[in-house]
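Dumped work-v2.cif below, it's mmCIF, C-alpha atoms and all ligand atoms:
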data_my_file
#
loop_
_atom_site.label_atom_id
_atom_site.label_comp_id
_atom_site.auth_asym_id
_atom_site.auth_seq_id
_atom_site.Cartn_x
_atom_site.Cartn_y
_atom_site.Cartn_z
CA VAL N 1 -18.64 48.26 17.26
CA SER N 2 -17.59 51.68 16.02
CA THR N 3 -17.26 54.35 18.67
CA ALA N 4 -16.23 57.18 16.32
CA GLY N 5 -17.93 60.45 17.08
CA SER N 6 -19.35 59.31 20.41
CA GLY N 7 -18.38 60.73 23.82
CA PRO N 8 -15.50 59.54 25.97
CA SER N 9 -15.26 55.89 27.05
CA ARG N 10 -14.02 54.79 30.45
CA ILE N 11 -11.96 51.65 30.96
CA ARG N 12 -11.38 50.57 34.55
CA VAL N 13 -8.03 49.14 35.65
CA GLY N 14 -7.79 47.28 38.95
CA ALA N 15 -10.45 47.23 41.60
CA GLY N 16 -11.40 49.02 44.80
CA VAL N 17 -9.59 52.12 46.04
CA SER N 18 -6.47 51.43 43.99
CA GLY N 19 -8.46 51.04 40.75
CA TYR N 20 -8.35 53.83 38.20
CA ASP N 21 -10.09 55.00 35.04
CA VAL N 22 -8.62 55.36 31.59
CA VAL N 23 -10.70 57.95 29.73
CA VAL N 24 -10.51 57.62 25.93
CA GLY N 25 -11.86 60.10 23.40
CA GLU N 26 -11.15 63.20 21.34
CA GLN N 27 -10.59 66.56 23.06
CA VAL N 28 -10.94 65.03 26.51
CA LEU N 29 -8.12 66.80 28.40
CA GLY N 30 -10.83 68.46 30.53
CA GLU N 31 -11.46 65.06 32.15
CA LEU N 32 -8.08 65.08 33.88
CA ALA N 33 -8.82 67.27 36.91
CA GLY N 34 -11.71 65.02 37.91
CA LEU N 35 -9.44 61.96 37.95
CA LEU N 36 -6.95 63.44 40.42
CA GLY N 37 -9.24 63.04 43.41
CA ASP N 38 -9.93 65.30 46.37
CA GLY N 39 -7.49 67.47 48.23
CA VAL N 40 -5.01 68.17 45.45
CA VAL N 41 -3.74 71.76 45.48
CA ARG N 42 -0.64 71.75 43.27
CA VAL N 43 -0.02 69.82 40.07
CA ALA N 44 3.33 69.49 38.28
CA VAL N 45 2.72 68.95 34.58
CA VAL N 46 5.89 67.10 33.54
CA HIS N 47 6.09 67.07 29.74
CA ALA N 48 8.43 66.31 26.86
CA GLU N 49 9.86 69.65 25.77
CA GLY N 50 9.28 69.31 21.99
CA ALA N 51 6.84 71.85 20.55
CA ALA N 52 3.96 69.47 19.81
CA VAL N 53 3.88 67.92 23.29
CA ALA N 54 4.53 71.30 24.94
CA ARG N 55 1.33 72.56 23.27
CA VAL N 56 -0.64 69.66 24.75
CA ALA N 57 0.94 70.34 28.15
CA ALA N 58 -0.13 73.99 27.94
CA GLU N 59 -3.69 72.83 27.24
CA VAL N 60 -3.50 70.46 30.19
CA LEU N 61 -2.27 73.33 32.38
CA GLY N 62 -5.19 75.49 31.24
CA ALA N 63 -7.71 72.74 32.00
CA LEU N 64 -6.27 72.17 35.47
CA GLU N 65 -6.28 75.89 36.26
CA ALA N 66 -9.85 76.15 35.04
CA ALA N 67 -10.68 73.46 37.62
CA GLY N 68 -9.13 75.62 40.36
CA LEU N 69 -5.79 73.81 40.68
CA ARG N 70 -2.38 75.47 40.91
CA ALA N 71 -0.44 73.94 38.03
CA VAL N 72 3.18 74.39 36.90
CA LEU N 73 4.86 73.21 33.71
CA VAL N 74 7.98 71.07 34.14
CA PRO N 75 9.66 70.42 30.77
CA VAL N 76 11.97 67.40 30.48
CA PRO N 77 14.10 66.28 27.49
CA ASP N 78 12.26 64.58 24.62
CA GLY N 79 12.08 60.82 24.45
CA GLU N 80 14.49 58.43 26.17
CA ALA N 81 16.73 61.30 27.36
CA ALA N 82 14.09 61.95 30.05
CA LYS N 83 14.82 58.59 31.68
CA ARG N 84 18.00 59.67 33.40
CA ALA N 85 18.68 60.03 37.10
CA GLY N 86 19.71 63.66 36.57
CA VAL N 87 16.32 64.50 35.08
CA VAL N 88 14.50 62.93 38.02
CA THR N 89 16.72 64.89 40.42
CA ASP N 90 15.70 68.10 38.61
CA VAL N 91 12.01 67.20 38.91
CA TRP N 92 12.48 66.52 42.65
CA SER N 93 14.09 69.96 43.02
CA THR N 94 11.17 71.60 41.25
CA LEU N 95 8.69 69.80 43.50
CA GLY N 96 10.69 70.79 46.56
CA ARG N 97 10.97 74.44 45.62
CA ALA N 98 7.22 74.57 44.92
CA ASP N 99 6.41 72.97 48.31
CA PHE N 100 4.73 69.85 46.89
CA THR N 101 3.11 67.89 49.72
CA ARG N 102 1.67 64.39 50.03
CA SER N 103 -1.67 65.59 48.73
CA ASP N 104 -0.31 67.16 45.53
CA ALA N 105 0.06 65.48 42.15
CA VAL N 106 2.29 64.90 39.14
CA VAL N 107 0.78 64.66 35.66
CA ALA N 108 2.93 63.30 32.81
CA VAL N 109 2.32 64.48 29.24
CA GLY N 110 4.26 62.73 26.47
CA GLY N 111 5.33 59.34 25.22
CA GLY N 112 6.28 56.30 27.28
CA ALA N 113 9.68 57.72 28.14
CA THR N 114 8.13 60.82 29.68
CA THR N 115 5.45 58.91 31.59
CA ASP N 116 8.06 56.42 32.88
CA ALA N 117 10.39 59.16 34.16
CA ALA N 118 7.67 61.41 35.58
CA GLY N 119 6.02 58.40 37.20
CA PHE N 120 9.29 57.48 38.88
CA ALA N 121 9.66 61.03 40.21
CA ALA N 122 6.07 60.84 41.54
CA ALA N 123 6.70 57.39 43.04
CA THR N 124 9.72 58.60 44.97
CA TRP N 125 8.77 62.13 46.04
CA LEU N 126 7.64 61.86 49.70
CA ARG N 127 7.52 58.06 49.06
CA GLY N 128 4.84 58.51 46.45
CA ILE N 129 2.37 61.21 45.51
CA ARG N 130 -0.58 61.07 43.16
CA PHE N 131 0.29 60.56 39.52
CA ALA N 132 -1.75 60.73 36.33
CA THR N 133 -0.77 60.26 32.69
CA VAL N 134 -1.70 61.92 29.42
CA PRO N 135 0.03 59.69 26.84
CA THR N 136 0.65 61.32 23.45
CA THR N 137 2.15 58.39 21.52
CA LEU N 138 0.28 55.28 20.45
CA LEU N 139 2.70 53.13 22.46
CA GLY N 140 2.10 55.30 25.49
CA MET N 141 -1.66 55.03 25.09
CA VAL N 142 -1.92 51.27 24.73
CA ASP N 143 1.00 50.26 26.90
CA ALA N 144 3.33 52.52 28.88
CA ALA N 145 0.80 54.87 30.50
CA VAL N 146 -1.27 52.03 31.98
CA GLY N 147 -0.11 49.37 34.40
CA GLY N 148 1.90 51.15 37.05
CA LYS N 149 5.46 50.46 35.96
CA THR N 150 7.69 53.52 36.18
CA GLY N 151 11.42 53.83 35.83
CA ILE N 152 14.59 55.17 34.35
CA ASP N 153 17.68 53.88 32.59
CA THR N 154 21.24 53.64 33.93
CA ALA N 155 24.58 53.23 32.18
CA GLU N 156 24.19 49.47 32.74
CA GLY N 157 20.87 49.15 30.94
CA LYS N 158 17.33 50.25 30.27
CA ASN N 159 14.62 50.26 32.94
CA LEU N 160 16.90 48.81 35.61
CA VAL N 161 15.74 51.31 38.24
CA GLY N 162 12.06 51.81 38.88
CA ALA N 163 8.99 51.42 41.03
CA TYR N 164 5.42 50.21 40.81
CA HIS N 165 3.35 53.33 41.13
CA PRO N 166 -0.06 53.03 39.45
CA PRO N 167 -1.63 56.26 38.21
CA VAL N 168 -4.85 57.61 39.70
CA GLY N 169 -6.11 58.18 36.18
CA VAL N 170 -5.15 58.17 32.51
CA VAL N 171 -6.49 60.49 29.82
CA VAL N 172 -6.07 59.20 26.28
CA ASP N 173 -6.85 62.12 23.99
CA LEU N 174 -6.67 60.70 20.46
CA ALA N 175 -6.47 64.25 19.06
CA THR N 176 -2.88 64.43 20.35
CA LEU N 177 -1.85 61.76 17.80
CA ALA N 178 -2.25 64.28 14.96
CA THR N 179 1.32 65.55 15.39
CA LEU N 180 2.98 62.19 16.05
CA PRO N 181 5.46 61.30 13.27
CA GLY N 182 4.26 58.39 11.10
CA PRO N 183 7.08 55.97 12.00
CA GLU N 184 6.38 56.47 15.74
CA TYR N 185 2.71 55.70 15.17
CA VAL N 186 3.42 52.59 13.10
CA SER N 187 5.92 51.36 15.69
CA GLY N 188 3.21 51.67 18.36
CA LEU N 189 0.94 49.56 16.17
CA ALA N 190 3.23 46.59 16.87
CA GLU N 191 1.87 46.50 20.45
CA VAL N 192 -1.66 46.70 19.07
CA VAL N 193 -0.95 43.76 16.74
CA LYS N 194 0.60 41.90 19.68
CA THR N 195 -2.60 42.37 21.64
CA GLY N 196 -4.53 40.99 18.68
CA PHE N 197 -2.43 37.84 18.52
CA ILE N 198 -2.40 37.12 22.26
CA ALA N 199 -5.96 38.04 23.15
CA ASP N 200 -8.25 39.83 20.69
CA PRO N 201 -8.33 38.57 17.08
CA ALA N 202 -10.89 41.26 16.15
CA ILE N 203 -7.89 43.62 16.16
CA LEU N 204 -6.24 41.49 13.47
CA ASP N 205 -9.40 41.51 11.34
CA LEU N 206 -9.71 45.30 11.58
CA ILE N 207 -6.10 45.79 10.48
CA GLU N 208 -6.28 43.24 7.67
CA ALA N 209 -9.41 44.85 6.26
CA GLU N 210 -7.67 48.21 5.73
CA PRO N 211 -3.92 47.96 6.32
CA GLU N 212 -3.10 51.19 4.49
CA ALA N 213 -5.62 53.31 6.39
CA VAL N 214 -4.59 51.81 9.73
CA ARG N 215 -1.05 53.18 9.35
CA SER N 216 -2.08 56.65 10.50
CA GLY N 217 -3.67 58.01 13.65
CA ALA N 218 -6.21 59.69 11.38
CA GLY N 219 -7.34 56.26 10.15
CA PRO N 220 -10.90 55.02 10.61
CA HIS N 221 -10.20 52.44 13.32
CA THR N 222 -7.79 54.28 15.62
CA ARG N 223 -10.21 54.60 18.49
CA GLU N 224 -11.43 51.04 18.31
CA LEU N 225 -7.88 49.67 18.07
CA VAL N 226 -6.76 51.76 21.06
CA GLU N 227 -9.80 50.81 23.14
CA ARG N 228 -9.53 47.11 22.34
CA SER N 229 -5.82 47.11 23.20
CA LEU N 230 -6.45 49.01 26.41
CA ARG N 231 -9.20 46.64 27.49
CA VAL N 232 -6.83 43.70 27.18
CA LYS N 233 -4.02 45.49 29.04
CA ALA N 234 -6.48 46.61 31.72
CA ALA N 235 -7.80 43.08 32.22
CA VAL N 236 -4.35 41.51 32.36
CA VAL N 237 -2.94 44.18 34.68
CA SER N 238 -5.99 43.98 36.94
CA ALA N 239 -5.42 40.25 37.35
CA ASP N 240 -1.72 40.68 38.06
CA LEU N 241 -0.92 44.05 39.60
CA ARG N 242 2.73 43.33 40.34
CA ASP N 243 3.74 41.37 37.28
CA SER N 244 4.13 37.90 38.75
CA GLY N 245 1.91 35.83 36.46
CA PRO N 246 -0.54 36.47 33.60
CA ARG N 247 1.12 39.75 32.71
CA GLU N 248 3.96 37.80 31.22
CA MET N 249 1.82 37.14 28.15
CA LEU N 250 2.18 40.84 27.26
CA ASN N 251 5.79 39.94 26.62
CA TYR N 252 4.89 38.18 23.35
CA GLY N 253 7.61 39.04 20.81
CA HIS N 254 9.62 40.84 23.45
CA THR N 255 12.34 38.32 24.31
CA LEU N 256 13.94 38.57 20.88
CA GLY N 257 12.64 42.15 20.52
CA HIS N 258 14.56 43.36 23.57
CA ALA N 259 17.66 41.57 22.30
CA ILE N 260 17.40 43.35 18.93
CA GLU N 261 17.01 46.70 20.70
CA LYS N 262 20.12 45.97 22.71
CA VAL N 263 22.20 44.77 19.76
CA GLU N 264 21.10 47.90 17.85
CA GLY N 265 22.21 50.12 20.76
CA TYR N 266 18.55 51.27 21.13
CA ARG N 267 18.56 53.00 17.76
CA TRP N 268 15.64 50.80 16.64
CA ARG N 269 12.16 51.75 17.82
CA HIS N 270 10.73 49.37 20.41
CA GLY N 271 7.74 48.37 18.28
CA ASP N 272 9.92 47.65 15.25
CA ALA N 273 12.02 45.25 17.32
CA VAL N 274 8.92 43.63 18.82
CA SER N 275 7.55 43.16 15.30
CA VAL N 276 10.52 40.98 14.34
CA GLY N 277 10.26 39.31 17.76
CA MET N 278 6.65 38.32 17.11
CA VAL N 279 7.48 36.67 13.79
CA PHE N 280 10.23 34.77 15.63
CA ALA N 281 7.86 33.80 18.47
CA ALA N 282 5.31 32.60 15.92
CA GLU N 283 7.93 30.45 14.20
CA LEU N 284 8.92 29.07 17.59
CA SER N 285 5.25 28.35 18.28
CA SER N 286 5.07 26.45 15.01
CA LEU N 287 8.35 24.54 15.46
CA SER N 288 7.35 23.44 18.95
CA GLY N 289 4.24 21.85 17.47
CA ARG N 290 1.69 24.43 18.55
CA LEU N 291 0.69 27.08 16.05
CA ASP N 292 -0.57 26.08 12.59
CA ARG N 293 1.22 27.30 9.47
CA ALA N 294 -1.48 29.76 8.37
CA SER N 295 -1.55 31.54 11.74
CA THR N 296 2.25 31.64 11.77
CA ASP N 297 2.40 33.18 8.31
CA ARG N 298 -0.37 35.60 9.25
CA HIS N 299 2.13 37.36 11.53
CA ARG N 300 4.49 38.09 8.68
CA SER N 301 1.85 39.21 6.18
CA LEU N 302 -0.03 41.42 8.63
CA LEU N 303 3.04 43.15 10.05
CA ASP N 304 4.47 43.59 6.57
CA SER N 305 1.21 45.12 5.29
CA ILE N 306 1.44 47.97 7.81
CA GLY N 307 5.13 48.61 7.19
CA LEU N 308 6.65 46.90 10.21
CA PRO N 309 9.90 44.90 9.86
CA THR N 310 9.71 41.10 9.85
CA GLY N 311 13.36 40.12 9.48
CA TYR N 312 16.79 40.78 10.93
CA ARG N 313 20.45 40.19 10.06
CA ALA N 314 21.43 36.55 9.63
CA GLY N 315 24.83 37.09 11.22
CA ALA N 316 23.41 38.53 14.44
CA TRP N 317 22.25 35.28 16.07
CA ALA N 318 25.21 34.84 18.46
CA ASP N 319 24.84 38.42 19.74
CA LEU N 320 21.07 38.09 20.06
CA GLN N 321 21.39 34.87 22.05
CA GLN N 322 23.85 36.54 24.40
CA ALA N 323 21.54 39.53 24.83
CA MET N 324 18.54 37.26 25.57
CA LYS N 325 20.50 35.45 28.29
CA VAL N 326 20.98 38.65 30.29
CA ASP N 327 17.46 40.04 29.74
CA LYS N 328 15.93 41.00 33.06
CA LYS N 329 12.90 38.79 32.34
CA THR N 330 15.14 35.72 32.13
CA ARG N 331 14.99 33.59 35.26
CA GLY N 332 18.35 32.13 36.16
CA ASP N 333 19.83 30.70 32.99
CA THR N 334 16.60 29.46 31.45
CA LEU N 335 15.21 31.37 28.49
CA ARG N 336 11.46 31.87 28.52
CA PHE N 337 9.34 32.72 25.50
CA VAL N 338 5.67 33.51 25.18
CA VAL N 339 4.40 31.36 22.31
CA LEU N 340 0.94 30.65 20.92
CA ASP N 341 -1.01 27.39 21.08
CA SER N 342 -3.36 29.12 18.69
CA ILE N 343 -4.38 32.72 18.13
CA ALA N 344 -5.42 34.28 21.45
CA ALA N 345 -4.03 31.31 23.42
CA PRO N 346 -0.56 32.27 24.72
CA VAL N 347 1.55 29.85 26.76
CA ILE N 348 5.08 29.91 28.16
CA LEU N 349 7.82 27.92 26.47
CA GLU N 350 10.64 27.42 28.93
CA GLY N 351 14.19 26.45 28.01
CA PRO N 352 13.60 25.45 24.37
CA ASP N 353 16.24 23.38 22.60
CA PRO N 354 18.93 25.70 21.19
CA ALA N 355 18.57 23.99 17.81
CA MET N 356 14.89 24.90 17.73
CA LEU N 357 15.72 28.51 18.57
CA GLU N 358 18.22 28.61 15.78
CA ALA N 359 15.74 27.10 13.34
CA ALA N 360 13.16 29.74 14.31
CA TYR N 361 15.75 32.45 13.81
CA ALA N 362 16.59 31.04 10.37
CA GLN N 363 12.98 31.81 9.43
CA VAL N 364 13.34 35.51 10.28
CA SER N 365 16.95 36.13 9.28
CA ARG N 366 17.85 37.71 5.99
N1 LIG N 401 5.96 51.54 31.84
C1 LIG N 401 5.62 50.64 30.95
O1 LIG N 401 4.83 49.74 31.21
C2 LIG N 401 6.17 50.76 29.56
C3 LIG N 401 5.66 49.97 28.54
C4 LIG N 401 6.16 50.12 27.26
C5 LIG N 401 7.17 51.03 27.01
N2 LIG N 401 7.67 51.79 28.03
C6 LIG N 401 8.72 52.79 27.79
O2 LIG N 401 8.22 53.76 26.87
C7 LIG N 401 9.32 54.33 26.16
C8 LIG N 401 8.97 54.45 24.71
O3 LIG N 401 7.82 55.25 24.59
P1 LIG N 401 7.35 55.89 23.21
O4 LIG N 401 7.44 54.92 22.12
O5 LIG N 401 6.06 56.53 23.52
O6 LIG N 401 8.49 56.92 22.87
P2 LIG N 401 8.97 58.31 23.50
O7 LIG N 401 8.35 58.64 24.77
O8 LIG N 401 10.45 58.25 23.43
O9 LIG N 401 8.44 59.34 22.39
C9 LIG N 401 8.95 59.31 21.08
C10 LIG N 401 9.18 60.72 20.55
O10 LIG N 401 7.93 61.30 20.14
C11 LIG N 401 7.75 62.57 20.75
N3 LIG N 401 6.30 62.74 20.89
C12 LIG N 401 5.50 62.19 21.81
N4 LIG N 401 4.22 62.47 21.56
C13 LIG N 401 4.20 63.25 20.46
C14 LIG N 401 3.16 63.87 19.71
N5 LIG N 401 1.87 63.69 20.02
N6 LIG N 401 3.52 64.59 18.63
C15 LIG N 401 4.82 64.75 18.28
N7 LIG N 401 5.83 64.17 18.94
C16 LIG N 401 5.53 63.42 20.02
C17 LIG N 401 8.50 62.42 22.04
O11 LIG N 401 8.80 63.65 22.64
C18 LIG N 401 9.75 61.67 21.59
O12 LIG N 401 10.69 62.50 20.97
C19 LIG N 401 10.53 53.48 26.47
O13 LIG N 401 11.36 54.18 27.37
C20 LIG N 401 9.95 52.25 27.13
O14 LIG N 401 10.84 51.68 28.07
C21 LIG N 401 7.19 51.67 29.29
ZN ZN N 402 6.48 46.49 24.41
#
Re-express the file's structure as structure tokens.
Ligand SMILES: NC(=O)c1ccc[n+]([C@@H]2O[C@H](COP(=O)([O-])OP(=O)(O)OC[C@H]3O[C@@H](n4cnc5c(N)ncnc54)[C@H](O)[C@@H]3O)[C@@H](O)[C@H]2O)c1
Ligand SMILES: [Zn+2]
Amino acid sequence: VSTAGSGPSRIRVGAGVSGYDVVVGEQVLGELAGLLGDGVVRVAVVHAEGAAVARVAAEVLGALEAAGLRAVLVPVPDGEAAKRAGVVTDVWSTLGRADFTRSDAVVAVGGGATTDAAGFAAATWLRGIRFATVPTTLLGMVDAAVGGKTGIDTAEGKNLVGAYHPPVGVVVDLATLATLPGPEYVSGLAEVVKTGFIADPAILDLIEAEPEAVRSGAGPHTRELVERSLRVKAAVVSADLRDSGPREMLNYGHTLGHAIEKVEGYRWRHGDAVSVGMVFAAELSSLSGRLDRASTDRHRSLLDSIGLPTGYRAGAWADLQQAMKVDKKTRGDTLRFVVLDSIAAPVILEGPDPAMLEAAYAQVSR
């Protein structure tokens, strides 16, 4: 179903009073004020300071003021540099100086790094004030801005400090993707592809029909791909609000992916690492007698067709294994992988034979 040109869509996450809407469309920043709920007086618009996102934040500020709210802009460093304790301390100071109370709100405008850091500030100020997100990267739209995980990095690792603090609303304005650099967009597509493999094969068909066009936010299927991915994340998150069960399937490709990020010192984009991780997980699915050869190879050909990496250094296996052992998703000493029984049928593979892991890695190493 094509939704191009139609009005905003609403996707519900969770249920009851803690449920929230994700509004998706073009030029929909005006929807934000209505999602914040009653009684809000002040809104801190925490945004990545780069020019493109700052322009979106200024538009958000205008829309909130037009709705009668008292909004202030709070710039934070671009990208991962926002996820530092010092940045959160600065946001707290701003909230304190502006007399933010329990009924006020924080809105985050930017990529996943910005929404994670701003969300953590909102989660901790007065033990939690209202929080809404306006993701401006594809990864932010389909993943980071929805689900309630917030957090920052420390010297010891990424995302080690954080809180569950679900937003009261999310506004996905696809028009903001126009300024996103191509490689950032393509990297975000890895999470979209992941969603296709674990839950919604129609995503795979859409991408395979026009791989070239899909590589840009201006492509014909952007809205449908974002909405389909969001529906899956919304359903999974709704069934597992605190990440104790079904949500683990969203980790497809991430066990090796996180290890690659770590070995690369976080100079690789998340989606690029997850792309290699998915090819590895598919090979593991095949070697453990689950996934058929055609579906396994489909990973490589699809990811390759949109410009995502499908291989990694042959000599890195020892380092990757070490990194996987200390991943925070690991339980005790047992490695866990999401693998596929078939497309859209993820299962957990616990403690696979090291020889099988090595054989799967041989299929992705170059
Ligand atoms: N909370 C979660 O559930 C969750 C899920 C996935 C990822 N994450 C986190 O998200 C982060 C990665 O997010 P990301 O990939 O969105 O990267 P990012 O937030 O680092 O943004 C990438 C870069 O693009 C810039 N940018 C953002 N939007 C732009 C736009 N529209 N035009 C031009 N430039 C723009 C940013 O300022 C930044 O420099 C990581 O810190 C990761 O841990 C969190
Ligand atoms: Zn991810």
Test item: which residues lie within 12 Å of (13.5, 30.1, 30.5) counting only C-alpha atoms, as a PyMOL selection string: chain N and resi 255+324-338+348-354
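Here the question is which of N:Val226, N:Ile129, N:Ala318, N:Ala209 gets nearest to N:Arg102 using only C-alpha atoms, and that residue is N:Ile129.
Of the listed residues N:Pro309, N:Gly37, N:Pro75, N:Gly16, the one whose atoms come nearest to N:Ser187 is N:Pro309, with distances taken using only C-alpha atoms.
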Separation of atom CA of N:Gly14 from atom CA of N:Ser238, in Å and rounded to one decimal: 4.3 Å
Determine, for each residue of chain N having at least one atom at most 9 Å from an atom of ligand ZN 402 (chain N), the closest pair of atoms and their separation in Å to one decimal, counting all atoms listed in the file; order by chain and ascending number, as CSV.
residue,atom,partner,partner_atom,distance
N:Leu139,CA,N:ZN402,ZN,7.9
N:Asp143,CA,N:ZN402,ZN,7.1
N:Ala144,CA,N:ZN402,ZN,8.1
N:Gly188,CA,N:ZN402,ZN,8.6
N:Ala190,CA,N:ZN402,ZN,8.2
N:Glu191,CA,N:ZN402,ZN,6.1
N:Lys194,CA,N:ZN402,ZN,8.8
N:Leu250,CA,N:ZN402,ZN,7.7
N:Asn251,CA,N:ZN402,ZN,6.9
N:Tyr252,CA,N:ZN402,ZN,8.5
N:Gly253,CA,N:ZN402,ZN,8.4
N:His254,CA,N:ZN402,ZN,6.5
N:Gly257,CA,N:ZN402,ZN,8.5
N:His258,CA,N:ZN402,ZN,8.7
N:His270,CA,N:ZN402,ZN,6.5
N:Gly271,CA,N:ZN402,ZN,6.5
N:Val274,CA,N:ZN402,ZN,6.7
From N:Gly162, N:Pro201, N:Gly68, N:Pro220, residue lying nearest ligand LIG 401 (chain N) [all atoms listed in the file]: N:Gly162
6 Å shell around ligand LIG 401 (chain N) using all atoms listed in the file, listed as a ChimeraX atom specification: /N:48,50,52-53,78-80,110-114,116,136-137,139-140,143-144,147,149-150,176-177,179-180
Shell of 10 Å around stretch 39-46 of chain N, all atoms listed in the file, local chain residues under 2 positions omitted, as a VMD selection string: chain N and resid 33 36 to 37 48 to 49 54 57 to 58 60 to 61 64 to 65 68 to 76 91 94 to 95 98 to 110 114 to 115 117 to 119 121 to 122 130 to 134
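For the atom pair formed by atom CA of N:Ala199 and atom CA of N:Glu31, the distance is 29.0 Å, given to one decimal.
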Among the residues N:Gly151, N:Gly265, N:Gly86, N:Pro135, the one that comes closest to N:Gly169 [using all atoms listed in the file]: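 Closest candidate: N:Pro135.
Atom CA of N:Gly217 is positioned 9.7 Å from atom CA of N:Pro181.
Closest approach to N:Val237 from the set N:Gly148, N:Gly182, N:Gly7, N:Gly289 is made by N:Gly148, with distances taken over all atoms listed in the file.
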For N:Ala15: contacts at 12 Å, all atoms listed in the file, fewer than 4 positions along chain excluded, given as a VMD selection string: chain N and resid 11 19 to 21 168 234 to 235 237 to 241
